[in-house]
>>> print(open('protein.cif').read())   # mmCIF, C-alpha atoms and all ligand atoms
data_entry
loop_
_atom_site.label_atom_id
_atom_site.label_comp_id
_atom_site.auth_asym_id
_atom_site.auth_seq_id
_atom_site.Cartn_x
_atom_site.Cartn_y
_atom_site.Cartn_z
CA MET A 1 -36.82 175.90 84.49
CA VAL A 2 -40.63 176.02 83.93
CA LYS A 3 -40.16 173.71 80.96
CA LYS A 4 -38.14 171.22 83.09
CA ILE A 5 -40.89 171.17 85.72
CA GLU A 6 -43.53 170.61 83.01
CA ILE A 7 -41.56 167.70 81.58
CA TYR A 8 -41.02 166.28 85.04
CA LEU A 9 -44.73 166.49 85.84
CA ARG A 10 -45.65 164.90 82.52
CA GLU A 11 -43.16 162.05 83.19
CA GLU A 12 -44.50 161.61 86.68
CA ASN A 13 -47.99 161.36 85.20
CA ILE A 14 -46.82 158.71 82.75
CA MET A 15 -45.13 156.79 85.60
CA LYS A 16 -48.35 156.89 87.61
CA LYS A 17 -50.29 155.55 84.62
CA ILE A 18 -47.74 152.77 84.07
CA PHE A 19 -47.90 151.91 87.76
CA ALA A 20 -51.70 151.80 87.70
CA LEU A 21 -51.61 149.58 84.63
CA ALA A 22 -49.14 147.21 86.30
CA VAL A 23 -51.36 146.94 89.37
CA THR A 24 -54.38 146.18 87.17
CA ILE A 25 -52.48 143.51 85.22
CA ALA A 26 -51.23 141.92 88.47
CA ALA A 27 -54.77 141.86 89.87
CA LEU A 28 -56.12 140.31 86.68
CA LEU A 29 -53.37 137.67 86.72
CA THR A 30 -54.19 136.78 90.33
CA VAL A 31 -57.86 136.29 89.45
CA THR A 32 -56.92 134.16 86.40
CA ILE A 33 -54.53 131.97 88.44
CA ALA A 34 -57.10 131.50 91.19
CA VAL A 35 -59.82 130.53 88.70
CA SER A 36 -57.62 128.16 86.68
CA GLY A 37 -56.00 126.57 89.74
CA ILE A 38 -52.49 127.17 88.38
CA GLY A 39 -50.04 127.28 91.25
CA GLU A 40 -51.91 124.78 93.43
CA ALA A 41 -50.26 121.33 93.90
CA ALA A 42 -51.13 119.36 90.74
CA PRO A 43 -53.18 116.23 91.56
CA ALA A 44 -50.98 113.10 91.40
CA LYS A 45 -51.40 110.94 88.31
CA THR A 46 -53.27 107.76 89.12
CA TYR A 47 -52.55 104.30 87.74
CA HIS A 48 -55.04 101.52 87.24
CA ILE A 49 -53.57 98.07 87.88
CA GLY A 50 -55.40 94.91 86.83
CA MET A 51 -54.70 91.85 88.97
CA SER A 52 -55.75 88.59 87.35
CA GLN A 53 -55.87 85.86 90.00
CA CYS A 54 -56.24 82.25 88.83
CA ASN A 55 -58.24 80.95 91.78
CA LEU A 56 -59.31 82.67 94.96
CA GLY A 57 -60.62 79.46 96.49
CA GLU A 58 -57.20 78.68 97.99
CA PRO A 59 -55.77 80.27 101.16
CA TRP A 60 -52.41 81.00 99.57
CA ARG A 61 -54.10 83.03 96.81
CA VAL A 62 -56.22 84.93 99.32
CA ALA A 63 -52.93 85.80 101.07
CA MET A 64 -51.46 86.96 97.73
CA ASN A 65 -54.39 89.30 97.04
CA ASP A 66 -54.29 90.60 100.62
CA GLN A 67 -50.61 91.43 100.26
CA ILE A 68 -51.24 93.22 96.97
CA ARG A 69 -54.09 95.21 98.52
CA THR A 70 -52.05 96.17 101.59
CA ALA A 71 -48.98 97.14 99.55
CA ALA A 72 -51.04 99.17 97.06
CA ALA A 73 -52.78 101.05 99.88
CA GLN A 74 -49.44 102.74 100.59
CA TYR A 75 -49.56 104.47 97.22
CA PRO A 76 -52.43 106.90 96.62
CA GLU A 77 -51.53 106.76 92.90
CA PHE A 78 -52.61 103.13 92.64
CA GLU A 79 -56.04 101.71 92.08
CA VAL A 80 -56.14 97.91 91.79
CA SER A 81 -58.97 95.88 90.24
CA PHE A 82 -59.00 92.15 91.03
CA SER A 83 -60.46 89.33 88.97
CA ASP A 84 -60.83 85.67 89.98
CA ALA A 85 -60.76 83.00 87.28
CA ALA A 86 -61.86 80.22 89.67
CA GLN A 87 -59.27 77.85 88.15
CA ASP A 88 -60.79 78.20 84.68
CA ASN A 89 -58.39 79.08 81.85
CA SER A 90 -61.14 80.51 79.59
CA LYS A 91 -62.41 82.74 82.38
CA GLN A 92 -58.87 84.00 83.03
CA ILE A 93 -58.38 84.75 79.31
CA ALA A 94 -61.63 86.76 79.37
CA ASP A 95 -60.50 88.55 82.57
CA VAL A 96 -57.24 89.64 80.91
CA GLU A 97 -59.08 90.68 77.72
CA ASN A 98 -61.29 92.82 79.90
CA PHE A 99 -58.24 94.51 81.47
CA ILE A 100 -56.82 95.12 77.97
CA THR A 101 -60.11 96.75 76.90
CA GLN A 102 -60.00 98.92 80.02
CA GLN A 103 -56.45 99.92 79.01
CA VAL A 104 -55.05 99.29 82.47
CA ASP A 105 -51.66 100.87 83.15
CA LEU A 106 -50.18 97.57 84.32
CA LEU A 107 -51.27 93.94 84.48
CA ILE A 108 -50.31 91.52 87.25
CA ILE A 109 -51.20 87.92 86.47
CA SER A 110 -50.80 84.65 88.32
CA PRO A 111 -51.75 82.29 85.49
CA ASN A 112 -53.76 79.13 86.09
CA GLU A 113 -51.87 77.13 83.46
CA ALA A 114 -48.96 78.31 81.33
CA THR A 115 -49.81 77.42 77.72
CA PRO A 116 -53.49 78.44 77.59
CA LEU A 117 -52.70 81.86 79.11
CA THR A 118 -49.61 82.64 77.05
CA ASP A 119 -51.38 84.20 74.07
CA VAL A 120 -53.56 86.64 76.00
CA VAL A 121 -50.60 87.73 78.13
CA LYS A 122 -48.67 88.39 74.93
CA ARG A 123 -51.60 90.40 73.56
CA ALA A 124 -51.57 92.62 76.66
CA TYR A 125 -47.81 93.03 76.45
CA ASP A 126 -47.92 93.81 72.70
CA ALA A 127 -50.63 96.39 73.41
CA GLY A 128 -48.03 98.25 75.47
CA ILE A 129 -49.30 97.17 78.89
CA PRO A 130 -46.43 96.26 81.24
CA VAL A 131 -47.03 92.73 82.54
CA ILE A 132 -45.79 91.26 85.83
CA VAL A 133 -46.17 87.47 85.91
CA LEU A 134 -46.45 86.18 89.47
CA ASP A 135 -45.59 82.71 90.86
CA ARG A 136 -46.64 80.56 87.86
CA ARG A 137 -45.04 81.13 84.49
CA VAL A 138 -46.33 81.52 80.94
CA ASP A 139 -44.49 80.17 77.89
CA GLY A 140 -42.11 82.41 75.95
CA ASP A 141 -40.92 85.84 76.98
CA ALA A 142 -43.71 88.30 76.19
CA TYR A 143 -43.92 89.88 79.63
CA THR A 144 -42.06 92.58 81.55
CA SER A 145 -41.00 90.79 84.71
CA PHE A 146 -41.47 87.44 86.40
CA ILE A 147 -41.57 87.34 90.21
CA GLY A 148 -41.77 84.07 92.10
CA GLY A 149 -40.19 81.41 94.28
CA ASP A 150 -37.70 78.86 93.01
CA ASN A 151 -39.87 75.75 92.72
CA VAL A 152 -37.05 73.49 91.56
CA LEU A 153 -35.00 74.47 94.60
CA ILE A 154 -37.95 73.94 96.94
CA GLY A 155 -38.63 70.50 95.43
CA LYS A 156 -34.95 69.66 95.76
CA LYS A 157 -34.88 70.61 99.42
CA ALA A 158 -37.93 68.41 100.03
CA GLY A 159 -36.18 65.52 98.26
CA GLU A 160 -33.02 66.07 100.29
CA TYR A 161 -35.07 66.03 103.49
CA VAL A 162 -36.40 62.60 102.49
CA ALA A 163 -32.94 61.32 101.49
CA LYS A 164 -31.54 62.44 104.84
CA ASN A 165 -34.33 60.92 106.94
CA TYR A 166 -34.69 57.68 104.92
CA PRO A 167 -31.12 56.81 103.90
CA ASN A 168 -32.15 53.23 103.07
CA GLY A 169 -34.96 54.32 100.76
CA CYS A 170 -38.74 54.53 101.26
CA ASN A 171 -42.17 54.35 99.63
CA ILE A 172 -43.40 57.72 98.48
CA VAL A 173 -46.87 58.98 97.54
CA GLU A 174 -46.72 62.16 95.50
CA ILE A 175 -49.82 64.36 95.46
CA LYS A 176 -49.17 66.76 92.65
CA GLY A 177 -50.43 70.21 91.73
CA LEU A 178 -52.38 71.08 88.60
CA GLU A 179 -50.94 69.61 85.41
CA GLY A 180 -49.95 72.50 83.16
CA ALA A 181 -49.13 74.89 86.02
CA THR A 182 -45.36 75.33 85.95
CA PRO A 183 -44.68 74.80 89.70
CA GLN A 184 -46.11 71.28 89.38
CA LYS A 185 -43.38 70.04 87.04
CA GLU A 186 -40.68 72.12 88.76
CA ARG A 187 -41.56 70.75 92.21
CA HIS A 188 -41.54 67.21 90.85
CA ASP A 189 -38.22 67.62 88.98
CA GLY A 190 -36.59 69.29 91.98
CA PHE A 191 -37.71 66.49 94.30
CA MET A 192 -36.28 63.85 91.94
CA ALA A 193 -32.96 65.70 91.99
CA GLY A 194 -33.12 65.86 95.80
CA VAL A 195 -33.46 62.09 96.17
CA GLY A 196 -30.81 61.66 93.49
CA SER A 197 -33.28 59.84 91.20
CA ASP A 198 -32.29 56.76 93.23
CA PRO A 199 -34.64 53.75 92.67
CA LYS A 200 -34.60 52.96 96.40
CA TYR A 201 -36.96 55.94 96.60
CA LYS A 202 -40.08 54.36 95.14
CA PHE A 203 -43.01 56.41 93.93
CA VAL A 204 -45.80 53.99 94.81
CA TYR A 205 -48.58 56.41 93.85
CA SER A 206 -48.56 59.73 92.01
CA GLN A 207 -51.69 61.72 91.20
CA SER A 208 -52.72 65.34 90.77
CA CYS A 209 -55.10 66.97 93.25
CA ASP A 210 -55.10 70.26 91.29
CA TRP A 211 -53.65 71.97 94.41
CA LEU A 212 -56.95 71.35 96.26
CA ARG A 213 -57.30 69.93 99.79
CA ASP A 214 -60.60 68.13 99.20
CA LYS A 215 -59.34 66.47 96.05
CA ALA A 216 -56.18 65.44 97.91
CA ILE A 217 -58.35 63.52 100.40
CA THR A 218 -59.84 61.45 97.55
CA VAL A 219 -56.44 60.92 95.91
CA MET A 220 -54.94 59.76 99.21
CA GLU A 221 -57.84 57.39 99.87
CA SER A 222 -56.94 55.59 96.62
CA ALA A 223 -53.23 55.65 97.48
CA LEU A 224 -53.93 54.08 100.89
CA GLN A 225 -56.10 51.38 99.39
CA ALA A 226 -53.46 50.49 96.81
CA ASN A 227 -50.47 50.45 99.19
CA ASP A 228 -49.85 48.67 102.49
CA LYS A 229 -46.64 50.53 103.14
CA ILE A 230 -46.34 54.28 102.71
CA ASP A 231 -43.49 56.16 104.41
CA VAL A 232 -43.65 59.62 102.90
CA VAL A 233 -46.37 61.77 101.38
CA TYR A 234 -44.98 64.59 99.28
CA GLY A 235 -47.72 67.14 98.73
CA HIS A 236 -46.97 69.80 96.12
CA ASN A 237 -48.61 72.32 98.45
CA ASP A 238 -49.79 72.37 102.07
CA PRO A 239 -53.47 71.74 101.21
CA ALA A 240 -52.34 68.57 99.37
CA ALA A 241 -50.33 67.37 102.38
CA VAL A 242 -53.06 68.22 104.88
CA GLY A 243 -55.77 66.60 102.73
CA ALA A 244 -53.60 63.46 102.59
CA TYR A 245 -53.19 63.59 106.36
CA VAL A 246 -56.96 63.73 106.83
CA ALA A 247 -57.44 60.64 104.63
CA ALA A 248 -54.67 58.75 106.45
CA GLU A 249 -56.10 59.71 109.82
CA ASN A 250 -59.56 58.52 108.73
CA ALA A 251 -57.94 55.19 107.87
CA GLY A 252 -56.04 55.17 111.19
CA ARG A 253 -52.71 55.11 109.33
CA GLN A 254 -51.36 58.65 109.80
CA LYS A 255 -48.60 57.55 112.23
CA GLU A 256 -47.13 55.21 109.65
CA MET A 257 -45.87 58.03 107.44
CA ILE A 258 -44.68 61.64 107.34
CA PHE A 259 -46.31 64.49 105.41
CA ILE A 260 -44.38 67.12 103.47
CA GLY A 261 -45.93 70.31 102.09
CA ILE A 262 -45.09 73.62 100.46
CA ASP A 263 -46.41 77.19 101.13
CA GLY A 264 -45.78 77.66 104.87
CA LEU A 265 -48.46 80.27 105.48
CA PRO A 266 -48.59 81.76 108.99
CA THR A 267 -52.44 81.78 108.94
CA PRO A 268 -54.60 79.75 111.39
CA ASP A 269 -55.08 76.97 108.81
CA GLY A 270 -51.63 77.46 107.26
CA GLY A 271 -48.65 75.11 107.03
CA ILE A 272 -46.62 76.55 109.90
CA ARG A 273 -49.33 75.65 112.41
CA GLU A 274 -49.73 72.22 110.79
CA VAL A 275 -46.03 71.60 111.47
CA MET A 276 -46.43 72.87 115.05
CA ALA A 277 -49.40 70.51 115.52
CA GLY A 278 -47.30 67.59 114.24
CA ARG A 279 -49.50 66.85 111.24
CA MET A 280 -46.80 67.86 108.77
CA ALA A 281 -43.11 67.07 109.29
CA VAL A 282 -41.87 69.89 107.12
CA THR A 283 -43.07 72.67 104.84
CA TYR A 284 -41.27 75.23 102.68
CA VAL A 285 -42.17 78.90 102.63
CA TYR A 286 -43.36 79.87 99.18
CA PRO A 287 -43.70 83.66 99.22
CA THR A 288 -46.65 85.01 97.24
CA GLY A 289 -44.67 87.93 95.78
CA GLY A 290 -47.71 90.22 96.17
CA ALA A 291 -45.82 93.02 97.94
CA GLU A 292 -42.87 92.69 95.55
CA ALA A 293 -45.20 93.03 92.55
CA ILE A 294 -46.64 96.31 93.83
CA ASP A 295 -43.16 97.56 94.67
CA ALA A 296 -42.09 96.73 91.09
CA ALA A 297 -45.19 98.48 89.71
CA TYR A 298 -44.28 101.60 91.68
CA ARG A 299 -40.70 101.58 90.47
CA LEU A 300 -41.79 101.13 86.87
CA LEU A 301 -44.84 103.40 86.65
CA VAL A 302 -44.04 106.18 89.10
CA LYS A 303 -40.26 106.26 89.15
CA GLY A 304 -39.71 105.18 85.55
CA GLU A 305 -37.16 102.53 86.48
CA LYS A 306 -36.48 99.44 84.41
CA LEU A 307 -37.48 96.14 86.03
CA ASP A 308 -35.46 92.96 86.30
CA ARG A 309 -36.75 90.24 83.97
CA GLU A 310 -36.60 87.66 86.73
CA VAL A 311 -36.96 88.11 90.48
CA VAL A 312 -36.47 84.94 92.55
CA LEU A 313 -37.90 84.89 96.06
CA ASP A 314 -36.30 82.99 98.94
CA THR A 315 -37.66 79.98 100.77
CA ILE A 316 -37.23 78.71 104.33
CA GLU A 317 -37.51 75.11 105.50
CA ILE A 318 -39.90 74.88 108.44
CA THR A 319 -39.77 71.93 110.83
CA LYS A 320 -40.88 71.65 114.45
CA ASP A 321 -37.49 73.11 115.42
CA ASN A 322 -38.14 76.57 113.97
CA ALA A 323 -41.92 76.60 113.38
CA GLU A 324 -42.77 78.75 116.39
CA GLU A 325 -40.03 81.24 115.61
CA MET A 326 -41.16 81.42 111.96
CA LEU A 327 -44.77 81.91 112.96
CA LYS A 328 -43.68 84.97 114.94
CA LYS A 329 -41.39 86.18 112.17
CA PHE A 330 -44.23 86.10 109.64
CA GLY A 331 -46.65 87.77 112.00
CA GLY A 332 -48.87 84.79 112.67
CA ALA A 333 -48.39 84.52 116.44
C1 LIG B 401 -52.35 78.10 95.16
C2 LIG B 401 -51.16 77.32 94.97
C3 LIG B 401 -50.24 77.30 96.14
C4 LIG B 401 -49.03 76.84 95.46
C5 LIG B 401 -49.06 77.71 94.24
C6 LIG B 401 -48.32 77.20 93.09
O1 LIG B 401 -53.08 78.11 93.97
O2 LIG B 401 -51.57 76.02 94.70
O3 LIG B 401 -50.68 76.47 97.16
O4 LIG B 401 -47.89 76.91 96.18
O5 LIG B 401 -50.41 77.80 93.91
O6 LIG B 401 -48.53 78.01 91.97
#
>>> encode(input="protein.cif", output="structure tokens", more="lines below")
Ligand code: FRU
Amino acid sequence: MVKKIEIYLREENIMKKIFALAVTIAALLTVTIAVSGIGEAAPAKTYHIGMSQCNLGEPWRVAMNDQIRTAAAQYPEFEVSFSDAAQDNSKQIADVENFITQQVDLLIISPNEATPLTDVVKRAYDAGIPVIVLDRRVDGDAYTSFIGGDNVLIGKKAGEYVAKNYPNGCNIVEIKGLEGATPQKERHDGFMAGVGSDPKYKFVYSQSCDWLRDKAITVMESALQANDKIDVVYGHNDPAAVGAYVAAENAGRQKEMIFIGIDGLPTPDGGIREVMAGRMAVTYVYPTGGAEAIDAAYRLLVKGEKLDREVVLDTIEITKDNAEEMLKKFGGA
């Protein structure tokens, strides 16, 4: 009996020691966890996105950057750095090289011209940086995803508008975008398809204004001097059409012709208000794709999804019949 009690007491002693040891270990573990921060919510991984803009001197591009900034602000994981190449291919190449050196997690680029920018985009892509090409294309296929409007379709709709309103043919001045930027050729080709390449639709003057309003004024001044009869001005973007309108108005000839543009921004100086004011007959919404690019970046980087190679954005034809409604729809009222 005495022996049993002795054993029991000894065991109880051992149990007490084990218990004390366990308490000590637990306390030590708590201190370690607190010091190391294990167990707290891990900070989210952040991603650095480089956005290479070809020219911030145009309202449509300011809108694109604004949309990217607003969309990215929804994701605390994203930090976006913007560069502006001021319509200079060499500067844009250097901007992209800089993003490659910084090892950005993703590159968004709206290239000034296709061919000069193709190599540096490929270098970024080959370095393992996912590349989203926005609005204007590069040559080849060394990029992750292209997002943009259908410029051939938009040009075609503009051509069809002319064919419908001038069934007997007309004299057309075309004020083109920058040579070498893919939408320029696509908008021209689409328009030709829209008027059915019919010779009754005469291109009496065709010049590039590099997408710029001021240059469009000069181009239109020459077109007016060279032609007594102009029925239609097809501007490859709204600044081209509005610049042409200004030149025609200065010459007192704006009523003689209609002005067609592309972009359809809801901003105070944008195409929708130009249509409402009667300066342009029609414009076509050309979405910037800024929000879609950030959405794609999120799906790729954060969710690990695969992106579509090609994302085509819709357009809307805006005439005086729907301009007010569209202004409201796009938040410009
Ligand atoms: C701005 C812009 C837009 C046009 C687009 C085409 O640079 O000229 O007006 O729709 O680029 O890439």
>>> residues_around(input="protein.cif", residues="Lys202 of chain A", least_positions_apart="3", cutoff="12 Å", atoms="only C-alpha atoms", output="list in words")
Val162, Ala163, Tyr166, Asn168, Gly169, Cys170, Asn171, Ile172, Val173, Glu174, Met192, Val195, Gly196, Ser197, Asp198, Pro199, Tyr205, Ser206, Asn227, Lys229, Ile230, Asp231, Val232 and Val233 of chain A
>>> residues_around(input="protein.cif", residues="Arg136 of chain A", least_positions_apart="3", cutoff="7 Å", atoms="all atoms listed in the file", output="number ranges by chain")
A: 110-111, 181-183
>>> residues_around(input="protein.cif", residues="Glu292 of chain A", least_positions_apart="4", cutoff="12 Å", atoms="all atoms listed in the file", output="ChimeraX atom specification")
/A:64,67-72,108,132-135,145-149,287-288,296-299,307-308,310-313
>>> residues_near_ligand(input="protein.cif", ligand="ligand LIG 401 (chain B)", cutoff="9 Å", atoms="all atoms listed in the file", output="JSON, numbers by chain")
{"A": [54, 55, 56, 57, 58, 59, 60, 61, 62, 87, 110, 111, 112, 134, 135, 136, 137, 151, 177, 178, 181, 182, 183, 184, 210, 211, 212, 236, 237, 238, 239, 240, 262, 263, 264, 285, 286, 287, 288]}
>>> residues_around(input="protein.cif", residues="segment 316-333 of chain A", least_positions_apart="4", cutoff="7 Å", atoms="all atoms listed in the file", output="list in words")
Pro266, Thr267, Ile272, Val275, Met276, Ala281, Val282, Thr283, Tyr284 and Val285 of chain A
>>> closest_residue(input="protein.cif", among="A:Phe78, A:Phe259, A:Tyr234, A:Tyr143", to="Gly128 of chain A", atoms="only C-alpha atoms")
A:Tyr143
>>> closest_residue(input="protein.cif", among="A:Pro167, A:Arg309, A:Phe191, A:Lys176", to="Asp141 of chain A", atoms="only C-alpha atoms")
A:Arg309
>>> closest_residue(input="protein.cif", among="A:Lys303, A:Lys156, A:Lys45, A:Lys255", to="Met280 of chain A", atoms="all atoms listed in the file")
A:Lys255
>>> atom_distance(input="protein.cif", atom1="atom CA of Asp95 of chain A", atom2="atom CA of Arg187 of chain A")
27.7 Å
>>> closest_residue(input="protein.cif", among="A:Gly194, A:Val104, A:Val121, A:Glu79", to="Gly159 of chain A", atoms="all atoms listed in the file")
A:Gly194
>>> closest_residue(input="protein.cif", among="A:Ala94, A:Ala226, A:Val246, A:Ala73", to="Arg213 of chain A", atoms="all atoms listed in the file")
A:Val246
>>> atom_distance(input="protein.cif", atom1="atom CA of Gly304 of chain A", atom2="atom CA of Asp84 of chain A")
29.1 Å
>>> atom_distance(input="protein.cif", atom1="atom CA of Asp189 of chain A", atom2="atom CA of Ala244 of chain A")
21.0 Å
>>> closest_residue(input="protein.cif", among="A:Cys209, A:Val96, A:Ile217, A:Ala63", to="Ala291 of chain A", atoms="all atoms listed in the file")
A:Ala63
>>> residues_around(input="protein.cif", residues="Thr101 of chain A", least_positions_apart="2", cutoff="12 Å", atoms="all atoms listed in the file", output="number ranges by chain")
A: 50, 94-99, 103-105, 107, 123-124, 127, 129
